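Below: the structure, in structure tokens.
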Amino acid sequence: MAPAVPSAMERPHFIGIGGAGMSGIAKILAQRGAKVAGSDAKESATAESLRALGATVHIGHAAEHLAADASCVVVSSAIRADNPELARAAELSVPVVHRSDALASLMTGLRSIAVAGTHGKTTTTSMLAVALTELGLDPSYAIGGDLEGPGTNARHGEGEIFVAEADESDRSFQKYDPEVAIVLNVELDHHANYASMDEIYESFETFVGKVVPGGTLVIAADQPGAVELASRVRDRSSLKVVTYGESEGADVRIHKVTPRGLTSEVTVMLDGRLLTFTVSVPGRHYAHNAVAALAAGVALGIPAHNLASALGTYTGVKRRLQLKGEAAGVQVIDSYAHHPTEMTADLEAMRGAAADSRLLVVFQPHLFSRTQELGAEMGQALALADASVVLDIYPAREDPIPGITSELIIDAARTAGAEVTAVHDKAAVPEVIAGMARPGDLVLTMGAGDVTDLGPMILARLSN
């Protein structure tokens, strides 16, 4: 039986309903019986999937889209103050609810796992959702990307477990009260909201402090930021801390990660016993994500051997090293990586999976602020590729910053010895790649913006 929908969420209106985080909450509310409406900038498969659940989805933003009887307006941090529907909400005295508060209300009364970290959240949350579903536990979940299997980013389940991706970018993860919190890594990012690592640590400490008494923190033992965070919270008497990783003292210790083409075999020591299972995506960092998921499930009382087997059924998330297709002997793969650590991890994973192939990258930087702070590191990461194409910065919610362009990345990449081509017209990329690629190559489209659209276009051009 579905949990009752809070009265404030009975007739919600979502501004930007097609976004990864917003659409997931809207889907769960619709599945629970709420009368969901909203608007988005453009038509999409997500909009259609919401309509299939009974939601009303308007294209474009206009004051008249907000119904007078809406119980609340749900927004994310990306919604600007001058949005006409937001102005209309003020006129009608309709309460405005942040996305994180809406998600927190959906988790009330359930055993929740909140997955946090600078990167890896979507993959780890997805692994848990797939594994718990495979075990017949029928979880609810809200993820920042679409699963390859079920093909959705959110679902209402009848079970008692709710798995949620917890976003640190705007401190919204501080709204949740999980039974189990996962922290995969702690690094400086989201420079518009955090000025220093001290602010990042303070934010994560607040998040960990919301774990319910007697709950568990599952945290990486190998990543410096996570180690520092663990040292800051370890003395909290009501919190059980479980570390995982390859470090000697990890509670769940990874003994070996063996690449098997586009999969990995992982062996861990858990409670004094060795356990081996398969991760159906390549790369050491994805193996670590799977072990974090394993530790979190065990913290909820799920038998480790059952969970390990179920984790092997996970086949990926869209945009997380997703194979888009093959043409003329060239495989095209899509990656959401946009932070230097993520970029390095995915490039190393592809190197390990196809050691004898040339690796060509089409990279689109995401956000002017991120490029300003981390552009040099992005360029250094691209040196792992045989050749790269770098596009202009995808602005998303930001206005341009004078002097901040893709040239920062290109210069750093060339200094590191990388072969880089600047392309300012995205539509020209398929032709550029067709001139570079030869049979046996891997082409990786990379970034958090609309670079993902290029995969099918590159495949079509290669087919010709």
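Following the order of the structure tokens, first chain is A, next is B, and so on, with residues numbered from 1 inside each chain and ligands from 1 in the order they appear.
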Determine, counting only C-alpha atoms, which protein, DNA and RNA residues have an atom within 10 Å of an atom of Pro178 (chain A); residues of the same chain fewer than 2 positions away are not included. Present the result as a list in words. Ala104, Met107, Thr108, Leu110, Arg111, Ser112, Ile113, Ala114, Val115, Phe162, Val163, Ala164, Lys175, Tyr176, Val180, Ala181, Ile182, Phe207, Val208, Gly209, Lys210, Val211, Val212, Pro213, Gly215, Thr216 and Leu217 of chain A
Can you list, as JSON, numbers by chain, every protein, DNA or RNA residue that comes within 7 Å of region 453-463 of chain A when you count only C-alpha atoms, leaving out same-chain residues fewer than 3 positions away? {"A": [324, 326, 327, 328, 332, 430, 431, 434, 445, 450]}
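Each of A:Ala385, A:Val257, A:Ala413, A:Ala448 was checked against Leu367 (chain A) using only C-alpha atoms; the smallest atom-to-atom distance is that of A:Ala448.
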Taking 4 positions as the minimum chain separation for residues in the same chain, which residues sit within 6 Å of Ala63 (chain A) when counting only C-alpha atoms? Answer as an MDAnalysis selection string. chainID A and resid 84:85 88
Okay, now the selection with N, CA and C atoms, as a compact mmCIF listing (two decimals), in the first residue's frame?
# COMPACT_ATOMS: atom_id res chain seq x y z
N PRO A 84 8.38 33.08 -14.55
CA PRO A 84 7.00 33.59 -14.48
C PRO A 84 6.07 32.73 -13.62
N GLU A 85 6.31 31.43 -13.58
CA GLU A 85 5.45 30.57 -12.76
C GLU A 85 5.74 30.77 -11.27
N ARG A 88 3.98 33.92 -10.36
CA ARG A 88 2.55 33.64 -10.24
C ARG A 88 2.24 32.94 -8.91
Give me the residues of region 278-330 of chain A that have any atom at most 9 Å from an atom of region 264-274 of chain A; for each, the nearest atom pair and the distance in Å, rounded to one decimal. Use only C-alpha atoms, sort by chain and number, and format it as CSV.
residue,atom,partner,partner_atom,distance
A:Thr278,CA,A:Glu265,CA,4.6
A:Val279,CA,A:Ser264,CA,5.2
A:Ser280,CA,A:Ser264,CA,6.5
A:Val281,CA,A:Ser264,CA,6.8
A:Pro282,CA,A:Ser264,CA,5.9
A:Gly283,CA,A:Ser264,CA,7.1
A:Arg284,CA,A:Ser264,CA,7.9
A:Tyr286,CA,A:Ser264,CA,8.8
A:Ala287,CA,A:Val266,CA,6.7
A:His288,CA,A:Val266,CA,9.0
A:Ala290,CA,A:Val266,CA,9.0
A:Val291,CA,A:Val268,CA,7.9
A:Ala295,CA,A:Leu270,CA,8.8
A:Ala304,CA,A:Leu270,CA,8.3
Dump C-alpha atoms for the selected residues as a PDB file, in the first residue's frame?
ATOM      1  CA  THR A 278      30.865  -9.564 -10.849  1.00  0.00           C
ATOM      2  CA  VAL A 279      30.371  -5.884 -11.660  1.00  0.00           C
ATOM      3  CA  SER A 280      28.974  -5.534 -15.167  1.00  0.00           C
ATOM      4  CA  VAL A 281      30.637  -2.183 -15.922  1.00  0.00           C
ATOM      5  CA  PRO A 282      34.384  -1.572 -16.405  1.00  0.00           C
ATOM      6  CA  GLY A 283      36.737   0.311 -14.122  1.00  0.00           C
ATOM      7  CA  ARG A 284      38.080   0.190 -10.591  1.00  0.00           C
ATOM      8  CA  TYR A 286      32.756   1.312 -10.409  1.00  0.00           C
ATOM      9  CA  ALA A 287      33.980  -1.700  -8.447  1.00  0.00           C
ATOM     10  CA  HIS A 288      34.392   0.577  -5.432  1.00  0.00           C
ATOM     11  CA  ALA A 290      29.546  -1.689  -5.930  1.00  0.00           C
ATOM     12  CA  VAL A 291      31.362  -2.451  -2.674  1.00  0.00           C
ATOM     13  CA  ALA A 295      28.234  -2.497   2.652  1.00  0.00           C
ATOM     14  CA  ALA A 304      25.965 -10.281   1.910  1.00  0.00           C
TER      15      ALA A 304
END
I need the residues in region 260-396 of chain A that are strand (DSSP E) according to DSSP; give them as a PyMOL selection string. chain A and resi 260+263-270+273-279+320-327+330-335+359-363+387-390
I need the residue nearest Arg155 (chain A) from this list: A:Leu360, A:Ala129, A:Val429, A:Ile410. Use only C-alpha atoms for the distance.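 Using only C-alpha atoms, the shortest distance to Arg155 (chain A) belongs to A:Ala129.
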Nearby residues (only C-alpha atoms) at most 6 Å from region 67-78 of chain A, same-chain spacing under 2 positions excluded, as a list in words: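 Counting only C-alpha atoms, the residues come to Ala8, Arg11, Pro12, His13, Phe14, Ile15, Val94, Pro95, Val96, Val97, His98 and Arg99 of chain A.
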For the selection you just gave me, I'd like the residues written to a file as a short mmCIF file (atom, residue, chain, number, x, y, z; two decimals), in the first residue's frame, keeping N, CA and C atoms.
data_model
loop_
_atom_site.label_atom_id
_atom_site.label_comp_id
_atom_site.auth_asym_id
_atom_site.auth_seq_id
_atom_site.Cartn_x
_atom_site.Cartn_y
_atom_site.Cartn_z
N ALA A 8 0.40 18.81 1.46
CA ALA A 8 1.06 19.87 0.69
C ALA A 8 1.50 19.39 -0.69
N ARG A 11 -1.31 18.20 -4.95
CA ARG A 11 -1.46 18.80 -6.29
C ARG A 11 -0.22 19.66 -6.59
N PRO A 12 0.94 19.04 -6.65
CA PRO A 12 2.18 19.81 -6.84
C PRO A 12 2.36 20.28 -8.28
N HIS A 13 3.00 21.42 -8.43
CA HIS A 13 3.39 21.94 -9.74
C HIS A 13 4.91 22.06 -9.75
N PHE A 14 5.57 21.36 -10.68
CA PHE A 14 7.04 21.34 -10.76
C PHE A 14 7.52 22.29 -11.85
N ILE A 15 8.37 23.24 -11.50
CA ILE A 15 9.00 24.09 -12.51
C ILE A 15 10.32 23.43 -12.90
N VAL A 94 0.78 30.53 -3.25
CA VAL A 94 1.01 29.09 -3.29
C VAL A 94 2.38 28.81 -2.67
N PRO A 95 2.48 27.93 -1.70
CA PRO A 95 3.78 27.66 -1.06
C PRO A 95 4.80 27.14 -2.07
N VAL A 96 6.05 27.57 -1.91
CA VAL A 96 7.14 27.10 -2.74
C VAL A 96 7.99 26.13 -1.93
N VAL A 97 8.21 24.94 -2.48
CA VAL A 97 8.91 23.86 -1.80
C VAL A 97 10.16 23.50 -2.59
N HIS A 98 11.30 23.42 -1.92
CA HIS A 98 12.52 23.00 -2.62
C HIS A 98 12.45 21.50 -2.90
N ARG A 99 13.06 21.12 -4.00
CA ARG A 99 13.09 19.71 -4.42
C ARG A 99 13.52 18.78 -3.29
#
Taking 4 positions as the minimum chain separation for residues in the same chain, which residues sit within 12 Å of Leu132 (chain A) when counting only C-alpha atoms? Answer as a ChimeraX atom specification. /A:113,125-128,136-141,157,159-163,293-294,296-298,300,302-304,306-314
I'd like the contact shell of Ser231 (chain A) - 12 Å cut-off, only C-alpha atoms, skipping same-chain residues fewer than 5 positions apart - returned as number ranges by chain. A: 201, 205, 219-221, 224-226, 236, 241, 243
